[in-house]
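In what follows, a single structure is set out as structure tokens and then discussed.
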Amino acid sequence: MRAHIQPVLPVDAKPDWIRTRVTLFVNGKDCGSRLIPVEDPRAPLIQEWKIDSLSLRLAAARGLPLTIRFAVTPESDWLYGVNISNWPEGYVSHDASPVEVAIR
């Protein structure tokens, strides 16, 4: 699972001080979190999760639907919001979408 996600910045904050901890949930199962800083606009920061849960892999192999949710949980150490964003202006994505799921 790869995603281009960014913290939502408060109006008066310095971007280098801002991060947000985002947790990926697939079918309600916690698949881990990432501490996401504000990216350099010239180099998008892609977050990647590798999921090794047998039950989720089995569901995907059977063709069952997967529900994907990104969340900033109340227990997070950095509680800024999250923005699932498109690519920065001028970035060449080579037809990659901002959120991608690859089942292997």
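Identifiers in this document derive from the order of the structure tokens: chains are assigned A, B, ..., residues are numbered from 1 separately in each chain, and ligands are numbered from 1 in order of occurrence.
Proximity to His4 of chain A at 7 Å, evaluated using only C-alpha atoms and with sequence-adjacent residues fewer than 2 positions away removed, yields Gln6, Leu45, Ile46, Gln47, Ile84, Ser85, Pro98 and Val99 of chain A.
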Contact residues around segment 51-64 of chain A with only C-alpha atoms at 8 Å, ignoring same-chain residues under 5 positions, as a list in words
Met1, Val26, Asn27, Cys31 and Ile103 of chain A
Atoms kept (N, CA and C atoms) for selection, written as a compact mmCIF listing (two decimals), in the first residue's frame:
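Resulting contents of selection-v7.txt:
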# COMPACT_ATOMS: atom_id res chain seq x y z
N MET A 1 0.86 -1.17 0.00
CA MET A 1 0.00 0.00 0.00
C MET A 1 0.89 1.22 0.00
N VAL A 26 -6.97 -1.56 7.46
CA VAL A 26 -7.54 -2.31 6.34
C VAL A 26 -8.55 -3.28 6.94
N ASN A 27 -9.81 -3.16 6.52
CA ASN A 27 -10.91 -3.95 7.09
C ASN A 27 -10.93 -3.85 8.62
N CYS A 31 -2.77 -1.67 10.63
CA CYS A 31 -1.63 -2.15 9.83
C CYS A 31 -0.38 -1.31 10.06
N ILE A 103 -1.43 -6.02 -4.80
CA ILE A 103 -1.58 -7.32 -4.14
C ILE A 103 -0.64 -8.30 -4.83
Atom CA of His94 of chain A to atom CA of Pro41 of chain A: how many Å, to one decimal?
17.0 Å
With a distance cut-off of 8 Å and only C-alpha atoms, select the neighbouring residues of Ser33 of chain A, excluding the residue or stretch itself and same-chain residues fewer than 5 positions from it, and output the selection as a compact mmCIF listing (two decimals) with all heavy atoms, in the first residue's frame.
# COMPACT_ATOMS: atom_id res chain seq x y z
N ARG A 21 1.09 11.68 12.78
CA ARG A 21 1.21 10.22 12.80
C ARG A 21 -0.09 9.64 12.22
O ARG A 21 -1.16 9.85 12.76
CB ARG A 21 1.44 9.68 14.20
CG ARG A 21 1.66 8.17 14.16
CD ARG A 21 2.27 7.61 15.40
NE ARG A 21 3.51 8.21 15.80
CZ ARG A 21 4.73 7.89 15.30
NH1 ARG A 21 4.83 7.00 14.34
NH2 ARG A 21 5.81 8.48 15.77
N VAL A 22 0.06 8.94 11.10
CA VAL A 22 -1.08 8.39 10.39
C VAL A 22 -1.05 6.86 10.50
O VAL A 22 -0.01 6.24 10.29
CB VAL A 22 -1.04 8.81 8.90
CG1 VAL A 22 -2.16 8.16 8.13
CG2 VAL A 22 -1.12 10.32 8.78
N THR A 23 -2.20 6.30 10.84
CA THR A 23 -2.34 4.85 10.96
C THR A 23 -3.19 4.35 9.80
O THR A 23 -4.21 4.95 9.47
CB THR A 23 -3.01 4.47 12.29
OG1 THR A 23 -2.24 5.03 13.36
CG2 THR A 23 -3.12 2.98 12.47
N LEU A 24 -2.76 3.25 9.19
CA LEU A 24 -3.51 2.60 8.12
C LEU A 24 -4.34 1.47 8.72
O LEU A 24 -3.81 0.63 9.45
CB LEU A 24 -2.56 2.03 7.06
CG LEU A 24 -3.20 1.13 6.01
CD1 LEU A 24 -4.17 1.92 5.13
CD2 LEU A 24 -2.13 0.47 5.16
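From atom CA of Val38 of chain A back to atom CA of Thr67 of chain A, the distance works out to 26.3 Å.
Atom CA of Pro74 of chain A sits 23.3 Å away from atom CA of Glu39 of chain A.
Among the candidates A:Leu66, A:Val101, A:Ala43, A:Ile36, the one nearest to Leu79 of chain A when counting only C-alpha atoms is A:Ile36.
Of the residues in segment 38-88 of chain A, those given alpha helix (DSSP H) by DSSP on the backbone are Leu54, Ser55, Leu56, Arg57, Leu58, Ala59, Ala60 and Ala61 of chain A.
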Can you work out which one of A:Ala96, A:Ala13, A:Asp77, A:Tyr91 has the shortest atom-to-atom distance to Asp40 of chain A, counting only C-alpha atoms?
A:Tyr91
